[in-house]
Each structure stands twice: as structure tokens, then as C-alpha cells.
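I have placed the structure first, in the form of C-alpha cells, so that the comments after it can refer back to it.
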Amino acid sequence: MDHKRYAPLKGEARATARTRAAELYLAGCTIRSVAGQIDRSYGGTRALLLEAGVQLRAKGGHLRKAAA
């Protein structure tokens, strides 16, 4: 990428990063892995995921099944 690693994302670049981060996370990647793939910080990536409306997995990464 041609931007500084942690430079603020704005406009279309932010929307693109948000969409890509959500796709990767929903495919099973960790936040840390997503951050590396989109060249952003952990915190910045987490913020993008929350902006995208993604429900973050519980610590440890396992989805909990609904009680019967």
C-alpha cells in the first residue's frame, strides 16, 4: 500500500478497509491476522469491524452455541 501504516483512513479507503476487514473476520481470521492482512493496527482493525456492525467473537475465538 502507498500509505503510512497507521495513517487515518478516510472516505473510500476507509470503506474499502472496513469491508475487507469484515470479510476476513467473518471467514474466521483473528483480529490480529486481519490487521496484518490489511496493514493496520489491532485497535484500528477492531474499530473498523465494529463500524461494519460485525459481532466480535468471545475471547478465545469460539462461537458459543445457544442453550437448548
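In the C-alpha cells, chains take letters A, B, ... by order of appearance, with residues numbered from 1 within each chain and ligands from 1 in the order shown.
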Next item on the list: Check the DSSP output for the backbone and give back, as an MDAnalysis selection string, the residues of chain A in alpha helix (DSSP H).
Entry: chainID A and resid 11:26 31:38 42:51
Fewer than 6 positions away in the same chain doesn't count, so skip those; otherwise give me all residues within 8 Å of Thr45 in chain A, counting only C-alpha atoms, as a compact mmCIF listing (two decimals) with C-alpha atoms, in the first residue's frame.
# COMPACT_ATOMS: atom_id res chain seq x y z
CA ALA A 21 -11.73 -6.49 7.38
CA ILE A 31 -8.43 -9.60 14.51
CA VAL A 34 -6.91 -9.30 9.73
CA ALA A 35 -4.81 -6.35 10.92
Note to self: Can you pull out the residues contacting Arg46 in chain A? Cut-off 9 Å, using only C-alpha atoms, and skip same-chain residues under 3 positions away; I want them as a count of residues only.
What the structure shows: 11
Margin query: At a cut-off of 12 Å, using only C-alpha atoms, what residues contact Leu26 in chain A? Leave out same-chain residues fewer than 6 positions from it and give the result as JSON, numbers by chain.
Written below: {"A": [19, 20, 34, 49, 52, 53, 54, 55, 56, 57, 61, 63]}
Writing out the chosen residues with all heavy atoms as a compact mmCIF listing (two decimals), in the first residue's frame:
# COMPACT_ATOMS: atom_id res chain seq x y z
N THR A 19 -14.84 -3.04 4.74
CA THR A 19 -15.46 -4.17 4.06
C THR A 19 -14.51 -5.37 4.03
O THR A 19 -14.90 -6.50 4.33
CB THR A 19 -15.85 -3.79 2.62
OG1 THR A 19 -16.79 -2.71 2.68
CG2 THR A 19 -16.47 -4.96 1.88
N ARG A 20 -13.26 -5.14 3.68
CA ARG A 20 -12.27 -6.22 3.61
C ARG A 20 -12.04 -6.84 4.99
O ARG A 20 -11.97 -8.06 5.13
CB ARG A 20 -10.95 -5.69 3.03
CG ARG A 20 -9.88 -6.74 2.89
CD ARG A 20 -10.22 -7.72 1.79
NE ARG A 20 -9.13 -8.68 1.67
CZ ARG A 20 -9.31 -9.97 1.52
NH1 ARG A 20 -10.51 -10.47 1.40
NH2 ARG A 20 -8.29 -10.78 1.44
N VAL A 34 -6.28 -10.27 10.63
CA VAL A 34 -6.91 -9.30 9.73
C VAL A 34 -6.07 -8.03 9.68
O VAL A 34 -5.80 -7.48 8.60
CB VAL A 34 -8.35 -8.99 10.16
CG1 VAL A 34 -8.93 -7.84 9.33
CG2 VAL A 34 -9.24 -10.22 10.06
N LEU A 49 -14.05 -3.15 12.35
CA LEU A 49 -15.01 -4.25 12.46
C LEU A 49 -16.27 -3.81 13.19
O LEU A 49 -17.39 -4.15 12.78
CB LEU A 49 -14.37 -5.44 13.19
CG LEU A 49 -13.26 -6.16 12.41
CD1 LEU A 49 -12.54 -7.14 13.32
CD2 LEU A 49 -13.82 -6.85 11.19
N ALA A 52 -18.40 -1.75 10.99
CA ALA A 52 -19.06 -2.58 9.99
C ALA A 52 -20.22 -3.36 10.59
O ALA A 52 -20.95 -4.04 9.86
CB ALA A 52 -18.05 -3.55 9.36
N GLY A 53 -20.40 -3.30 11.90
CA GLY A 53 -21.51 -4.00 12.55
C GLY A 53 -21.23 -5.47 12.80
O GLY A 53 -22.16 -6.24 13.04
N VAL A 54 -19.96 -5.85 12.75
CA VAL A 54 -19.59 -7.25 12.97
C VAL A 54 -19.67 -7.56 14.46
O VAL A 54 -19.17 -6.80 15.28
CB VAL A 54 -18.15 -7.51 12.45
CG1 VAL A 54 -17.69 -8.91 12.82
CG2 VAL A 54 -18.09 -7.30 10.95
N GLN A 55 -20.29 -8.68 14.79
CA GLN A 55 -20.32 -9.12 16.19
C GLN A 55 -19.02 -9.87 16.45
O GLN A 55 -18.74 -10.88 15.82
CB GLN A 55 -21.51 -10.03 16.46
CG GLN A 55 -21.60 -10.42 17.92
CD GLN A 55 -22.87 -11.20 18.22
OE1 GLN A 55 -23.72 -11.39 17.36
NE2 GLN A 55 -22.99 -11.65 19.44
N LEU A 56 -18.23 -9.34 17.36
CA LEU A 56 -16.93 -9.94 17.65
C LEU A 56 -17.10 -11.23 18.43
O LEU A 56 -17.99 -11.35 19.26
CB LEU A 56 -16.05 -8.96 18.42
CG LEU A 56 -15.78 -7.62 17.72
CD1 LEU A 56 -14.89 -6.74 18.58
CD2 LEU A 56 -15.17 -7.83 16.35
N ARG A 57 -16.22 -12.19 18.14
CA ARG A 57 -16.24 -13.46 18.84
C ARG A 57 -15.74 -13.27 20.27
O ARG A 57 -14.97 -12.36 20.55
CB ARG A 57 -15.35 -14.47 18.11
CG ARG A 57 -15.89 -14.84 16.73
CD ARG A 57 -15.07 -15.92 16.08
NE ARG A 57 -13.74 -15.50 15.69
CZ ARG A 57 -13.42 -15.01 14.49
NH1 ARG A 57 -14.35 -14.85 13.57
NH2 ARG A 57 -12.19 -14.68 14.20
N GLY A 61 -12.02 -17.08 20.74
CA GLY A 61 -12.42 -17.27 19.36
C GLY A 61 -13.54 -18.25 19.09
O GLY A 61 -13.94 -18.40 17.95
N LEU A 63 -17.29 -19.63 18.94
CA LEU A 63 -18.68 -19.19 18.99
C LEU A 63 -19.43 -20.09 19.94
O LEU A 63 -19.28 -21.31 19.90
CB LEU A 63 -19.31 -19.25 17.60
CG LEU A 63 -18.72 -18.32 16.56
CD1 LEU A 63 -19.34 -18.57 15.20
CD2 LEU A 63 -18.91 -16.87 16.96
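Relative to CA of Arg18 in chain A, CA of Leu48 in chain A is found at 5.1 Å.
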Margin query: If I take CA of Tyr6 in chain A and CA of Arg40 in chain A, how far is one from the other in Å, to one decimal?
Written below: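 It comes out at 6.0 Å.
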Item checked: Separation of CA of Lys59 in chain A from CA of Ala27 in chain A, in Å and rounded to one decimal -> 16.8 Å
